[in-house]
Structures are given as structure tokens and as C-alpha cells.
Amino acid sequence: MKKLVLLRHGESTWNKENRFTGWTDVDLTERGVTEAKEAGKVLKENGFFFDIAYTSFLKRAIKTLNITLEEMDQLWIPVLKSWRLNEKHYGNLQGLNKAETAEKFGAEQVQTWRRSYDVPPAPIAEDDDRNPRKDPRYKNEDPELIPLTESLKETVERMMPYWESDIRESLRTHDQVLVAAHGNSLRAVIKYLKDISDEDIVGLNLPTGIPYVFEFDDDLNLTNDYFLGDPEVIRKLMEEVANQAKAKK
């Protein structure tokens with residue numbers, strides 16, 4: 001049996017402040033560090049031993065992965081990083097408070113920007129200091145591939161080639177693979193694995209720091225999937241994610 005574990009990073013400082021984060025490189029909160037440690041503990045308790053791990057270019061995912069692996073005493077395993085695992089780029093929304101933005105533009109408009117499948121927010125300007133094409137971590141990439149905004153559709157489209165060429169292929173030669181990344185880049189993988197429609201994938205709320213396990217047969221056919229943790233706790237965490245863009249009353 002092959003196992004793939006998807007892990008959304010622990011709570012970040014901008015998660016806590018309810019801001020659109022995207023490609024902004026913010027750190028974990030104390031809660032986020034605790035979530036990563038708990039993920040490592042529960043994975044170790046359930047007998048996981050990873051052969052290889054993948055993560056994004058953003059520190060909240062990298063640190064989550066490192067803390068999780070440290071708890072498992074597996075910091076030594078190979079780790080590969082790719083910008084294709086980065087969060088959806090939220091364009092000019094990055095840094096704005098979600099609830100306050102909902103008050104200004106209306107909850108429906110913010111929900112469209114945040115969760116519609118194919119409507120991106122307004123892009124950041126080319127001369128904006130936040131433009132990732134100015135960031136040295138992306139200097140070796142084709143600038144035309146580096147987004148200034150993204151819809152979920154576009155996030156899926158830039159993520160899936162990496163899934164096919166690297167992560168999925170690693171499952172052919174490894175029994176257990178860990179991917180620590182972000183809500184929307186992981187949605188792309190989940191959409192593919194579970195054949196979720198464009199309409200339904202936007203309603204999937206991934207909680208931070210909860211391992212999501214996918215099991216495959218030797219031909220890489222999906223046989224089972226489940227979260228590791230207390231179902232009631234996970235349900236409440238999912239509701240917490242879903243409610244982030246609601247206007248304050």
C-alpha cells in the first residue's frame with residue numbers, strides 16, 4: 001500500500017489576523033508551531049515513516065514540515081521545494097483583512113474573489129514591491145510563469161504538472177510521501193485525486209496542521225482517504241476556515 005499525506009501549514013501570523021496571505025512570506029504563530037508538533041506526534045503514533053517530502057518556497061510551509069519531521073525524528077529525509085506548491089496568489093488583496101474587505105465590498109464579492117473557481121482578484125502592479133518576479137527565490141524561473149494574481153483554476157493548472165512529474169512519480173518508487181503546503185495548492189491535488197467538480201472544490205475547507213491521508217494500491221489507484229484526528233475537532237476547524245471572510249456584525 002502507498003500513502004500520501006497532505007498537510008496544510010500551521011496557523012500563520014496572517015491567518016491569525018484574518019488577512020489574505022497568498023505569496024506573502026509570513027511566519028507561523030505559536031499555535032501554528034503547536035499544530036505542526038501535534039501533526040508530527042499523531043503521524044508518529046500512527047506508524048508513518050516517510051521516504052521523501054515536498055514543500056513550497058514559503059516559510060510557513062517549510063517550518064511546518066521541519067517541525068513535523070523533527071517530532072518524528074525524520075529531519076534527515078530528502079525534501080524537495082517548488083514554487084508550484086505555493087499558495088494561490090491573491091493579487092492586490094494580499095495583506096487585507098478578510099472581514100473588513102467583506103464590509104467594504106460585500107461578502108458575496110469577497111467570497112467570489114476568495115473561493116470562486118475561475119475569477120481572480122485584481123493583480124498587483126508590475127512595479128509593486130510585492131511583485132514576486134522581484135523576489136530572488138524565483139530568479140531562476142520563467143517570469144511569465146510567476147503570477148501577479150490567480151484564480152483557483154490557475155492554481156490548479158500550475159500545480160498539476162508538478163504533481164504529475166514529481167510527486168505522483170515519487171509514489172511509484174516510495175511507499176510514504178509527505179507534502180506540506182497550502183490550502184489552495186493542496187486543493188488542486190485533492191480535486192484531482194477525488195475527481196471533485198469545479199463547483200464543489202471551492203467548498204472544501206482544509207484545516208491547518210491536520211494530516212490528510214490518501215491510500216493507494218500498487219497501481220496508484222486511490223483506495224481510501226481520511227483525516228488523522230478527532231472528527232469533531234476537525235469539523236470545528238473546517239468551520240473556522242469557512243467563516244474567515246464573513247463581515248463583522
# chains A, B, ... in the order shown; residues from 1 in each chain; ligands from 1
$ closest_atom_pairs --of "segment 118-203 of chain A" --to "segment 53-69 of chain A" --cutoff "8 Å" --atoms "only C-alpha atoms" --output "Markdown table"
| residue | atom | partner | partner_atom | distance |
| --- | --- | --- | --- | --- |
| A:Arg137 | CA | A:Phe57 | CA | 7.5 |
| A:Ile167 | CA | A:Tyr54 | CA | 7.8 |
| A:Val177 | CA | A:Ala53 | CA | 5.8 |
| A:Leu178 | CA | A:Ala53 | CA | 4.6 |
| A:Val179 | CA | A:Tyr54 | CA | 4.7 |
| A:Ala180 | CA | A:Thr55 | CA | 5.0 |
| A:Ala181 | CA | A:Ala61 | CA | 5.2 |
| A:His182 | CA | A:Ala61 | CA | 7.1 |
$ closest_atom_pairs --of "segment 59-164 of chain A" --to "segment 188-207 of chain A" --cutoff "8 Å" --atoms "only C-alpha atoms" --output "CSV"
residue,atom,partner,partner_atom,distance
A:Arg115,CA,A:Val202,CA,5.3
A:Ser116,CA,A:Val202,CA,6.4
A:Tyr117,CA,A:Asp198,CA,6.2
A:Thr155,CA,A:Ala188,CA,7.2
A:Val156,CA,A:Ala188,CA,4.7
A:Met159,CA,A:Ala188,CA,6.7
A:Met160,CA,A:Ala188,CA,7.1
A:Trp163,CA,A:Val189,CA,7.3
$ residues_around --residues "Lys37 of chain A" --least-positions-apart "3" --cutoff "12 Å" --atoms "only C-alpha atoms" --output "MDAnalysis selection string"
chainID A and resid 9:10 30:34 40:44 63:73 209:211
$ residues_around --residues "Lys2 of chain A" --least-positions-apart "2" --cutoff "8 Å" --atoms "only C-alpha atoms" --output "list in words"
Leu4, Leu171, His174, Asp175, Gln176, Glu215, Phe216, Asp217, Asp218 and Leu220 of chain A
$ decode --residues "segment 59-75 of chain A" --atoms "N, CA, C and O atoms" --output "PDB file, in the first residue's frame"
ATOM      1  N   LYS A  59       7.934  30.157   4.001  1.00  0.00           N
ATOM      2  CA  LYS A  59       8.454  29.678   5.286  1.00  0.00           C
ATOM      3  C   LYS A  59       7.404  29.020   6.172  1.00  0.00           C
ATOM      4  O   LYS A  59       7.733  28.144   6.963  1.00  0.00           O
ATOM      5  N   ARG A  60       6.125  29.437   6.077  1.00  0.00           N
ATOM      6  CA  ARG A  60       5.112  28.817   6.932  1.00  0.00           C
ATOM      7  C   ARG A  60       4.935  27.342   6.606  1.00  0.00           C
ATOM      8  O   ARG A  60       4.680  26.534   7.494  1.00  0.00           O
ATOM      9  N   ALA A  61       5.103  26.980   5.342  1.00  0.00           N
ATOM     10  CA  ALA A  61       5.032  25.575   4.955  1.00  0.00           C
ATOM     11  C   ALA A  61       6.343  24.852   5.260  1.00  0.00           C
ATOM     12  O   ALA A  61       6.341  23.712   5.754  1.00  0.00           O
ATOM     13  N   ILE A  62       7.458  25.514   4.975  1.00  0.00           N
ATOM     14  CA  ILE A  62       8.771  24.903   5.231  1.00  0.00           C
ATOM     15  C   ILE A  62       8.944  24.613   6.719  1.00  0.00           C
ATOM     16  O   ILE A  62       9.379  23.519   7.113  1.00  0.00           O
ATOM     17  N   LYS A  63       8.602  25.591   7.568  1.00  0.00           N
ATOM     18  CA  LYS A  63       8.744  25.390   9.013  1.00  0.00           C
ATOM     19  C   LYS A  63       7.785  24.319   9.526  1.00  0.00           C
ATOM     20  O   LYS A  63       8.147  23.525  10.406  1.00  0.00           O
ATOM     21  N   THR A  64       6.569  24.299   8.990  1.00  0.00           N
ATOM     22  CA  THR A  64       5.622  23.252   9.386  1.00  0.00           C
ATOM     23  C   THR A  64       6.201  21.876   9.077  1.00  0.00           C
ATOM     24  O   THR A  64       6.146  20.960   9.912  1.00  0.00           O
ATOM     25  N   LEU A  65       6.757  21.732   7.891  1.00  0.00           N
ATOM     26  CA  LEU A  65       7.360  20.460   7.509  1.00  0.00           C
ATOM     27  C   LEU A  65       8.507  20.101   8.442  1.00  0.00           C
ATOM     28  O   LEU A  65       8.588  18.973   8.950  1.00  0.00           O
ATOM     29  N   ASN A  66       9.412  21.051   8.701  1.00  0.00           N
ATOM     30  CA  ASN A  66      10.576  20.764   9.542  1.00  0.00           C
ATOM     31  C   ASN A  66      10.180  20.389  10.966  1.00  0.00           C
ATOM     32  O   ASN A  66      10.737  19.450  11.558  1.00  0.00           O
ATOM     33  N   ILE A  67       9.219  21.114  11.524  1.00  0.00           N
ATOM     34  CA  ILE A  67       8.765  20.823  12.894  1.00  0.00           C
ATOM     35  C   ILE A  67       8.101  19.462  12.959  1.00  0.00           C
ATOM     36  O   ILE A  67       8.328  18.680  13.898  1.00  0.00           O
ATOM     37  N   THR A  68       7.282  19.159  11.958  1.00  0.00           N
ATOM     38  CA  THR A  68       6.604  17.860  11.906  1.00  0.00           C
ATOM     39  C   THR A  68       7.616  16.727  11.811  1.00  0.00           C
ATOM     40  O   THR A  68       7.533  15.736  12.549  1.00  0.00           O
ATOM     41  N   LEU A  69       8.587  16.879  10.914  1.00  0.00           N
ATOM     42  CA  LEU A  69       9.599  15.830  10.756  1.00  0.00           C
ATOM     43  C   LEU A  69      10.487  15.707  11.986  1.00  0.00           C
ATOM     44  O   LEU A  69      10.924  14.603  12.350  1.00  0.00           O
ATOM     45  N   GLU A  70      10.759  16.836  12.657  1.00  0.00           N
ATOM     46  CA  GLU A  70      11.564  16.775  13.880  1.00  0.00           C
ATOM     47  C   GLU A  70      10.848  15.968  14.956  1.00  0.00           C
ATOM     48  O   GLU A  70      11.473  15.168  15.667  1.00  0.00           O
ATOM     49  N   GLU A  71       9.539  16.170  15.087  1.00  0.00           N
ATOM     50  CA  GLU A  71       8.765  15.397  16.054  1.00  0.00           C
ATOM     51  C   GLU A  71       8.815  13.905  15.752  1.00  0.00           C
ATOM     52  O   GLU A  71       8.710  13.072  16.647  1.00  0.00           O
ATOM     53  N   MET A  72       8.977  13.578  14.466  1.00  0.00           N
ATOM     54  CA  MET A  72       9.016  12.174  14.046  1.00  0.00           C
ATOM     55  C   MET A  72      10.438  11.621  14.007  1.00  0.00           C
ATOM     56  O   MET A  72      10.642  10.454  13.668  1.00  0.00           O
ATOM     57  N   ASP A  73      11.434  12.476  14.324  1.00  0.00           N
ATOM     58  CA  ASP A  73      12.844  12.117  14.206  1.00  0.00           C
ATOM     59  C   ASP A  73      13.178  11.697  12.773  1.00  0.00           C
ATOM     60  O   ASP A  73      13.905  10.745  12.528  1.00  0.00           O
ATOM     61  N   GLN A  74      12.635  12.467  11.812  1.00  0.00           N
ATOM     62  CA  GLN A  74      12.850  12.170  10.393  1.00  0.00           C
ATOM     63  C   GLN A  74      13.342  13.395   9.625  1.00  0.00           C
ATOM     64  O   GLN A  74      13.134  13.518   8.418  1.00  0.00           O
ATOM     65  N   LEU A  75      14.023  14.307  10.302  1.00  0.00           N
ATOM     66  CA  LEU A  75      14.530  15.505   9.639  1.00  0.00           C
ATOM     67  C   LEU A  75      15.540  15.185   8.528  1.00  0.00           C
ATOM     68  O   LEU A  75      15.799  16.022   7.670  1.00  0.00           O
TER      69      LEU A  75
END
